[in-house]
Every structure is written in structure tokens, then in C-alpha cells.
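Note: the block below is query13.cif and it holds mmCIF, C-alpha atoms and all ligand atoms.
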```cif
data_structure
loop_
_atom_site.label_atom_id
_atom_site.label_comp_id
_atom_site.auth_asym_id
_atom_site.auth_seq_id
_atom_site.Cartn_x
_atom_site.Cartn_y
_atom_site.Cartn_z
CA MET D 292 161.79 7.62 98.21
CA SER D 293 160.30 4.99 100.57
CA LYS D 294 157.04 6.25 101.92
CA ILE D 295 155.23 5.50 105.15
CA LEU D 296 151.49 5.93 105.70
CA ILE D 297 150.17 5.98 109.28
CA LEU D 298 146.39 5.41 109.20
CA SER D 299 144.45 5.51 112.46
CA GLY D 300 140.94 4.95 113.77
CA ALA D 301 138.96 5.36 116.98
CA GLY D 302 141.24 2.99 118.91
CA LEU D 303 144.00 5.61 118.75
CA SER D 304 141.91 7.96 120.91
CA ALA D 305 140.33 5.30 123.15
CA GLU D 306 142.91 5.79 125.94
CA SER D 307 142.22 9.51 125.82
CA GLY D 308 138.65 8.76 126.87
CA ILE D 309 136.89 9.03 123.51
CA SER D 310 134.67 5.97 123.02
CA THR D 311 135.11 3.91 119.89
CA PHE D 312 132.18 2.98 117.67
CA ARG D 313 132.30 -0.78 117.98
CA ASP D 314 133.01 -0.77 121.73
CA SER D 315 129.70 1.01 122.18
CA ASP D 316 128.08 -1.73 120.04
CA GLY D 317 126.53 0.40 117.37
CA LEU D 318 125.74 3.27 119.69
CA TRP D 319 127.70 6.45 119.78
CA GLU D 320 127.20 8.03 123.20
CA ASN D 321 123.81 6.27 123.54
CA HIS D 322 122.55 7.25 120.12
CA ASP D 323 121.83 4.79 117.33
CA VAL D 324 124.71 5.55 114.98
CA MET D 325 122.47 5.42 111.93
CA GLU D 326 120.09 7.98 113.46
CA VAL D 327 122.75 10.62 114.08
CA CYS D 328 125.57 9.72 111.66
CA SER D 329 123.68 9.14 108.43
CA VAL D 330 122.35 11.40 105.68
CA GLU D 331 118.92 9.84 106.19
CA GLY D 332 118.92 10.64 109.89
CA PHE D 333 120.05 14.19 109.08
CA PHE D 334 117.18 14.69 106.64
CA ARG D 335 114.75 13.20 109.16
CA ASP D 336 115.81 15.35 112.11
CA ARG D 337 118.37 18.06 111.29
CA GLU D 338 118.25 19.72 114.72
CA LYS D 339 118.80 16.40 116.53
CA VAL D 340 121.87 15.61 114.43
CA LEU D 341 123.31 19.12 114.75
CA GLY D 342 122.78 18.86 118.52
CA PHE D 343 124.51 15.46 118.56
CA TYR D 344 127.63 16.91 116.91
CA ASP D 345 127.52 19.92 119.29
CA GLN D 346 127.73 17.43 122.15
CA ARG D 347 130.57 15.46 120.52
CA ARG D 348 132.45 18.73 119.87
CA LYS D 349 132.02 19.77 123.49
CA ASP D 350 133.08 16.29 124.68
CA ILE D 351 136.52 16.48 123.09
CA GLU D 352 137.47 19.82 124.69
CA ASP D 353 138.75 18.25 127.92
CA LYS D 354 140.37 15.21 126.30
CA GLU D 355 144.16 14.98 126.10
CA PRO D 356 146.38 13.30 123.49
CA ASN D 357 147.95 10.02 124.66
CA ASP D 358 151.43 8.60 124.06
CA ALA D 359 150.36 7.03 120.78
CA HIS D 360 149.31 10.46 119.41
CA PHE D 361 152.64 11.88 120.58
CA MET D 362 154.58 9.03 118.93
CA ILE D 363 152.84 9.69 115.59
CA ALA D 364 153.49 13.43 115.94
CA GLU D 365 157.16 12.83 116.78
CA MET D 366 157.68 10.54 113.78
CA LYS D 367 155.79 12.86 111.39
CA ASN D 368 157.68 15.95 112.56
CA LYS D 369 161.03 14.12 112.40
CA PHE D 370 160.42 12.68 108.91
CA PRO D 371 157.89 15.07 107.35
CA ASP D 372 158.58 14.09 103.71
CA LYS D 373 158.62 10.34 104.32
CA ILE D 374 155.53 10.01 106.51
CA THR D 375 151.88 10.80 105.70
CA VAL D 376 149.40 10.84 108.60
CA MET D 377 145.75 10.05 107.90
CA THR D 378 142.99 9.40 110.37
CA GLN D 379 139.34 8.35 110.34
CA ASN D 380 138.96 10.19 113.65
CA VAL D 381 137.10 13.47 113.85
CA ASP D 382 138.76 14.57 117.11
CA ASN D 383 141.72 16.97 117.09
CA LEU D 384 144.07 15.03 119.38
CA LEU D 385 146.74 14.53 116.72
CA GLU D 386 146.75 18.32 116.11
CA ARG D 387 146.95 18.85 119.85
CA SER D 388 149.98 16.58 120.03
CA ASP D 389 151.57 19.00 117.52
CA CYS D 390 151.42 16.56 114.62
CA ALA D 391 151.81 18.45 111.32
CA ASP D 392 149.59 17.99 108.26
CA VAL D 393 147.01 15.58 109.67
CA LEU D 394 144.65 14.41 106.91
CA HIS D 395 141.13 13.69 108.20
CA LEU D 396 139.30 11.19 105.99
CA HIS D 397 135.96 11.73 107.76
CA GLY D 398 136.23 15.45 108.60
CA GLN D 399 136.69 17.22 111.91
CA LEU D 400 134.32 18.00 114.79
CA THR D 401 135.86 21.46 115.30
CA GLU D 402 134.88 22.58 111.78
CA LEU D 403 131.66 23.56 110.02
CA VAL D 404 131.02 23.38 106.29
CA CYS D 405 128.71 25.64 104.30
CA GLU D 406 126.17 23.65 102.29
CA MET D 407 125.91 26.50 99.77
CA CYS D 408 129.52 27.36 98.93
CA GLY D 409 131.51 24.52 100.51
CA ASN D 410 133.54 26.87 102.69
CA ILE D 411 135.02 25.03 105.71
CA PHE D 412 135.68 27.08 108.83
CA ASP D 413 136.89 26.37 112.36
CA ILE D 414 134.60 26.90 115.36
CA GLY D 415 136.64 25.18 118.04
CA TYR D 416 134.37 23.51 120.62
CA ARG D 417 131.49 25.99 120.31
CA PRO D 418 127.89 25.06 119.50
CA ILE D 419 126.79 25.55 115.92
CA LYS D 420 124.04 28.03 116.92
CA GLU D 421 126.80 30.58 117.63
CA TYR D 422 127.85 30.36 113.97
CA SER D 423 124.59 30.71 112.15
CA GLU D 424 126.06 32.02 108.90
CA CYS D 425 128.88 31.15 106.55
CA PRO D 426 131.68 33.79 106.79
CA GLU D 427 132.15 33.54 103.02
CA CYS D 428 128.66 33.73 101.54
CA GLN D 429 126.52 34.56 104.63
CA SER D 430 124.30 31.55 103.92
CA HIS D 431 122.62 30.06 107.00
CA ALA D 432 122.99 26.52 105.60
CA VAL D 433 125.96 25.45 107.69
CA ARG D 434 126.52 21.99 109.22
CA HIS D 435 129.16 19.82 110.94
CA ASN D 436 132.13 19.04 108.70
CA VAL D 437 131.91 15.30 109.44
CA VAL D 438 131.27 12.70 106.74
CA MET D 439 128.06 10.80 107.48
CA PHE D 440 127.06 7.34 106.31
CA GLY D 441 125.50 7.65 102.87
CA GLU D 442 127.66 10.51 101.64
CA ALA D 443 130.93 10.67 99.73
CA ALA D 444 134.25 10.94 101.59
CA PRO D 445 136.25 13.21 99.24
CA MET D 446 139.55 12.38 100.93
CA TYR D 447 139.37 8.70 99.92
CA GLN D 448 140.89 9.52 96.54
CA ARG D 449 143.89 11.00 98.37
CA LEU D 450 144.09 7.84 100.51
CA TYR D 451 144.19 5.57 97.45
CA ASN D 452 146.82 7.76 95.78
CA GLU D 453 148.94 7.60 98.93
CA LEU D 454 148.55 3.81 99.19
CA MET D 455 149.89 3.39 95.65
CA ARG D 456 153.21 4.91 96.75
CA THR D 457 153.36 3.49 100.30
CA ASP D 458 156.06 0.95 101.23
CA LEU D 459 155.26 0.74 104.94
CA LEU D 460 151.61 0.95 106.08
CA VAL D 461 150.99 1.45 109.82
CA ILE D 462 147.40 0.82 111.00
CA ILE D 463 146.52 1.88 114.54
CA GLY D 464 143.13 1.37 116.19
CA THR D 465 140.66 0.59 113.44
CA SER D 466 138.35 -2.41 113.09
CA GLY D 467 138.40 -2.29 109.30
CA ASN D 468 134.59 -2.11 109.24
CA VAL D 469 134.69 0.95 107.00
CA LEU D 470 138.15 0.90 105.40
CA PRO D 471 139.41 -2.51 104.09
CA VAL D 472 142.78 -2.27 105.85
CA SER D 473 143.82 -5.89 105.08
CA GLN D 474 143.40 -5.14 101.38
CA PHE D 475 145.47 -1.97 101.85
CA ALA D 476 148.20 -4.00 103.56
CA SER D 477 148.30 -6.39 100.59
CA TYR D 478 149.31 -3.42 98.38
CA THR D 479 152.34 -2.47 100.51
CA LYS D 480 155.73 -4.16 100.99
CA TYR D 481 155.59 -3.95 104.80
CA SER D 482 152.70 -3.34 107.19
CA ILE D 483 152.04 -3.07 110.90
CA LEU D 484 148.64 -3.58 112.59
CA ASN D 485 147.92 -2.43 116.14
CA ASN D 486 144.47 -3.13 117.57
CA LEU D 487 143.18 -4.15 120.98
CA ASP D 488 141.47 -7.27 119.69
CA GLU D 489 141.02 -9.24 116.50
CA SER D 490 138.39 -7.97 114.11
CA TRP D 491 136.28 -10.14 111.80
CA ALA D 492 136.96 -7.55 109.11
CA ILE D 493 140.74 -7.88 109.26
CA ASP D 494 142.88 -10.78 107.99
CA ASN D 495 145.95 -10.19 110.14
CA SER D 496 148.04 -12.76 108.20
CA VAL D 497 148.76 -10.09 105.55
CA PHE D 498 150.56 -7.86 108.07
CA THR D 499 154.32 -8.03 108.66
CA HIS D 500 153.79 -7.27 112.36
CA THR D 501 150.62 -7.30 114.50
CA PHE D 502 150.32 -5.87 118.02
CA TYR D 503 147.09 -6.79 119.82
CA GLU D 504 147.52 -4.42 122.74
CA LYS D 505 146.81 -0.83 123.74
CA ALA D 506 148.13 1.77 121.33
CA THR D 507 150.19 3.41 124.08
CA THR D 508 151.88 0.04 124.80
CA ALA D 509 152.56 -0.67 121.13
CA ALA D 510 153.68 2.92 120.36
CA PRO D 511 157.39 2.56 121.28
CA LYS D 512 157.65 -0.72 119.34
CA ILE D 513 156.00 0.84 116.30
CA LYS D 514 158.32 3.84 116.59
CA GLN D 515 161.33 1.49 116.59
CA LEU D 516 160.07 -0.30 113.47
CA ILE D 517 159.45 3.01 111.68
CA GLU D 518 162.99 4.15 112.48
CA GLN D 519 164.38 0.77 111.36
CA PHE D 520 162.47 1.15 108.09
CA ILE D 521 163.74 4.70 107.54
CA GLU D 522 167.29 3.51 108.17
CA THR D 523 167.30 0.25 106.21
CA GLY D 524 164.27 0.35 103.92
CA ALA D 525 162.96 -2.83 105.55
CA ILE D 526 161.50 -4.10 108.82
CA SER D 527 162.50 -7.48 110.24
N1 LIG D 601 144.54 0.67 121.49
C1 LIG D 601 144.55 0.17 120.23
N2 LIG D 601 143.42 -0.21 119.57
C2 LIG D 601 142.26 -0.07 120.24
C3 LIG D 601 142.16 0.44 121.54
C4 LIG D 601 143.37 0.82 122.17
N3 LIG D 601 143.40 1.33 123.42
N4 LIG D 601 140.84 0.41 121.92
C5 LIG D 601 140.15 -0.08 120.86
N5 LIG D 601 141.00 -0.38 119.87
C6 LIG D 601 140.69 -0.93 118.54
C7 LIG D 601 139.63 -1.99 118.55
O1 LIG D 601 140.25 -3.27 118.65
C8 LIG D 601 138.97 -1.79 117.18
O2 LIG D 601 139.59 -2.61 116.21
O3 LIG D 601 140.19 0.14 117.78
C9 LIG D 601 139.25 -0.33 116.84
C10 LIG D 601 138.02 0.54 116.89
O4 LIG D 601 137.19 0.15 115.86
P1 LIG D 601 135.88 1.03 115.56
O5 LIG D 601 135.18 1.33 116.85
O6 LIG D 601 135.16 0.32 114.46
O7 LIG D 601 136.42 2.41 115.03
P2 LIG D 601 136.94 2.72 113.58
O8 LIG D 601 137.55 1.53 112.95
O9 LIG D 601 137.76 3.95 113.67
O10 LIG D 601 135.59 3.09 112.79
C11 LIG D 601 135.79 3.53 111.46
O11 LIG D 601 133.43 3.88 111.26
O12 LIG D 601 131.69 4.58 112.51
C12 LIG D 601 132.49 4.92 111.43
O13 LIG D 601 133.12 7.01 110.58
C13 LIG D 601 133.21 6.19 111.70
O14 LIG D 601 135.54 6.70 111.44
C14 LIG D 601 134.64 5.74 111.91
C15 LIG D 601 134.70 4.48 111.09
ZN ZN D 602 129.07 29.71 102.23
#
```
Written as C-alpha cells, that's how I'd like the structure from this file.
Amino acid sequence: MSKILILSGAGLSAESGISTFRDSDGLWENHDVMEVCSVEGFFRDREKVLGFYDQRRKDIEDKEPNDAHFMIAEMKNKFPDKITVMTQNVDNLLERSDCADVLHLHGQLTELVCEMCGNIFDIGYRPIKEYSECPECQSHAVRHNVVMFGEAAPMYQRLYNELMRTDLLVIIGTSGNVLPVSQFASYTKYSILNNLDESWAIDNSVFTHTFYEKATTAAPKIKQLIEQFIETGAIS
């Protein structure tokens, strides 16, 4: 069965008002990314990092999905067995566009993880101090369920497994600084890239189609190509 993988990054949520990493040139909401998004920074100043994620969690509460989220949700819900949706984003805008089975490669802001038993639980947009203990083991060692630089991303194995059986790869809004998306595209028969601008980390010649424009502008064209692929097994 021909499989489609839709893999997104921060550019998917840019038009919903969530700043991307590279647009803020190495800062994330005025913090040095490595200070608040790395294991080292977490060891150095746990409270500062937990407070940073509290702020990010609060920030996404009033954000709304955009037409690109809704397009992904529509395609996933229409072809649930043919399409896998993965994102590097830690916001919940795909869930809020009613997309089923979203796989988060870098975790989710609305969740905490227990450092003792690994239990992951949802806290919505609330600050971590309101959830001081793990509901499973009552440990107080709970933290944001977001993958930081310097730690493993358990979901990457799932990503590689998916790529091995993907015939059409759709990349929306990622600079390829963390995931080698051009290499991924070289594994698949067909591939689509949608970014706002060229990235030094992406060789766009390996993609069947490239759209350098806003995700909401490219969304209907990508939808058409996905439907063409589902119908014919190819994209022209
Ligand atoms: N529509 C489409 N693409 C967009 C838009 C938009 N409106 N705005 C920005 N982009 C594109 C940019 O061209 C860029 O290629 O989105 C990409 C954003 O790149 P990054 O900021 O590097 O975000 P991302 O690729 O998701 O970062 C990957 O790095 O910092 C870590 O863990 C973090 O998940 C993140 C990972
Ligand atoms: Zn626990």
C-alpha cells in the first residue's frame, strides 16, 4: 500500500503566531536556545528552564490552527491508513485542527514526564508548579515532556521505520537543521518541500516539487498532489 508521510516543523505554525527557531536567530522568545533547550542548561538552572517551558505552554493557549494545519488534518482523517503525520513542533495546533494520531518527534508542551517512572501526563496550559507530583508514582521529579538538545529523541526510530515504507514524503516548514530532510527525500519515490525560503541545510534538487511560499498558500496545492498520488500512485 503506497504510504505518505507528512513531516512538519516550526514553519507550519508560523502563521499561527508561534515564532520559529531560525527566524529568531538562535533565540527562542529572547532566550539563548542552548540555555533553555539543552540538557546542560537544565542541569545549570532547572527552575529557569522549567519557567521557560511554562511560558511557552502559556503562549500557545491563545494560538489558533491555520489552513495548513487544517489541510493536514483533512488529509489524515480522509486517508487514515495511507497517511502518517509527524511533527517536530511541540505545540498542539495539529490536535486542535482535529488531526488524528499526530506523532510528536520532540514531545509536547502540554505534557509533563516523570523522571522517575517515565509516566507522561497532560497538564494543558497550566504551570508545572500546579503539578508537583507524578500521578503514577507520586515522585516530585517531573519536567516538561520536550526533547532538549543533548538528549535522545525516542521517536526517531519510528520516523526511520516510517521513512523505509514511505512513497511520498511531504515536508512543511522545517529548515533541515536538525532532521536531514534532503536525505529523507532521497529515500522516497516522490517528495514535496514547502518552506518560506531556501535553507543551507536542504538540497531542494532532490524534491519532486518545491513550494517556497507560506504554508497556507501552498496547502491547497499540496492537498491536490496528495489526492493525485492517492488516486494514481504518482505525482506529475
Ligand atoms: N510557511 C512555510 N514555511 C515557513 C513559514 C511559513 N509561513 N515560516 C517559516 N517557514 C520555514 C522557514 O523557511 C524555515 O525553513 O520554516 C522553517 C523553520 O525552520 P526552523 O526555525 O529551523 O524550525 P525547525 O526546522 O522546525 O527546527 C527543527 O530545531 O530548534 C530545534 O527542536 C527544535 O523542533 C525544532 C528543530
Ligand atoms: Zn512517576
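Minimum atom-to-atom distances from D:Phe334, D:Phe312, D:Tyr422, D:Phe440 to ligand LIG 601 (chain D) were compared using all atoms listed in the file, and the lowest value belongs to D:Phe312.
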* **Among the residues D:Asp389, D:Glu338, D:Glu442, D:Asp488, the one that comes closest to ligand LIG 601 (chain D) [using only C-alpha atoms and all ligand atoms]** => D:Asp488
* Just the residues within 8 Å of range 492-499 of chain D, please, counting only C-alpha atoms, with nothing from its chain fewer than 6 positions along; format it as a count of residues only. => 12
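Across the structure, atom N1 of ligand LIG 601 (chain D) and CA of Val438 in chain D are spaced 23.2 Å apart.
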* Asked: Which chains and residue numbers are within 9 Å of ligand LIG 601 (chain D), counting all atoms listed in the file, if I want them as number ranges by chain?
  -> D: 299-307, 310-317, 319, 324, 328, 359, 378-381, 396-397, 437-440, 463-470, 485-490, 493, 502-509
Please give me, as an mmCIF file with C-alpha atoms, in the coordinates of the input, the residues lying within 12 Å of ligand ZN 602 (chain D) when counting all atoms listed in the file.
```
data_model
loop_
_atom_site.group_PDB
_atom_site.id
_atom_site.type_symbol
_atom_site.label_atom_id
_atom_site.label_comp_id
_atom_site.auth_asym_id
_atom_site.auth_seq_id
_atom_site.Cartn_x
_atom_site.Cartn_y
_atom_site.Cartn_z
ATOM 1 C CA LEU D 403 131.660 23.560 110.020
ATOM 2 C CA VAL D 404 131.020 23.380 106.290
ATOM 3 C CA CYS D 405 128.710 25.640 104.300
ATOM 4 C CA GLU D 406 126.170 23.650 102.290
ATOM 5 C CA MET D 407 125.910 26.500 99.770
ATOM 6 C CA CYS D 408 129.520 27.360 98.930
ATOM 7 C CA GLY D 409 131.510 24.520 100.510
ATOM 8 C CA ASN D 410 133.540 26.870 102.690
ATOM 9 C CA ILE D 411 135.020 25.030 105.710
ATOM 10 C CA PHE D 412 135.680 27.080 108.830
ATOM 11 C CA TYR D 422 127.850 30.360 113.970
ATOM 12 C CA SER D 423 124.590 30.710 112.150
ATOM 13 C CA GLU D 424 126.060 32.020 108.900
ATOM 14 C CA CYS D 425 128.880 31.150 106.550
ATOM 15 C CA PRO D 426 131.680 33.790 106.790
ATOM 16 C CA GLU D 427 132.150 33.540 103.020
ATOM 17 C CA CYS D 428 128.660 33.730 101.540
ATOM 18 C CA GLN D 429 126.520 34.560 104.630
ATOM 19 C CA SER D 430 124.300 31.550 103.920
ATOM 20 C CA HIS D 431 122.620 30.060 107.000
ATOM 21 C CA ALA D 432 122.990 26.520 105.600
ATOM 22 C CA VAL D 433 125.960 25.450 107.690
ATOM 23 C CA ARG D 434 126.520 21.990 109.220
#
```
Pull the closest atom pair for each residue of range 311-386 of chain D that gets at most 12 Å from range 510-521 of chain D, along with the distance in Å to one decimal, counting all atoms listed in the file, ordering rows by chain and then ascending residue number, as a tab-separated table.
```
residue	atom	partner	partner_atom	distance
D:Asn357	CA	D:Ala510	CA	10.1
D:Asp358	CA	D:Ala510	CA	7.1
D:Ala359	CA	D:Ala510	CA	5.3
D:His360	CA	D:Ala510	CA	8.8
D:Phe361	CA	D:Ala510	CA	9.0
D:Met362	CA	D:Ala510	CA	6.3
D:Ile363	CA	D:Lys514	CA	8.1
D:Ala364	CA	D:Lys514	CA	10.8
D:Glu365	CA	D:Lys514	CA	9.1
D:Met366	CA	D:Lys514	CA	7.3
D:Lys367	CA	D:Ile517	CA	10.5
D:Lys369	CA	D:Glu518	CA	10.2
D:Phe370	CA	D:Ile521	CA	8.8
D:Pro371	CA	D:Ile521	CA	11.9
D:Asp372	CA	D:Ile521	CA	11.4
D:Lys373	CA	D:Ile521	CA	8.3
D:Ile374	CA	D:Ile517	CA	9.5
```
* What gap, in Å, lies between CA of Arg456 in chain D and CA of Gly398 in chain D? -> 23.2 Å
* Structure fact -> With distances taken over all atoms listed in the file, the candidate from D:Val461, D:Ile526, D:Met455, D:Val330 nearest Met377 in chain D is D:Val461
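CA of Met325 in chain D sits 15.9 Å away from CA of His435 in chain D.
Of the listed residues D:Arg417, D:Lys480, D:Arg387, D:His322, the one whose atoms come nearest to Leu400 in chain D is D:Arg417, with distances taken using only C-alpha atoms.
Among the candidates D:Leu454, D:Ile351, D:Ala443, D:Leu298, the residue lying nearest to Gln399 in chain D is D:Ile351 (atoms considered: only C-alpha atoms).
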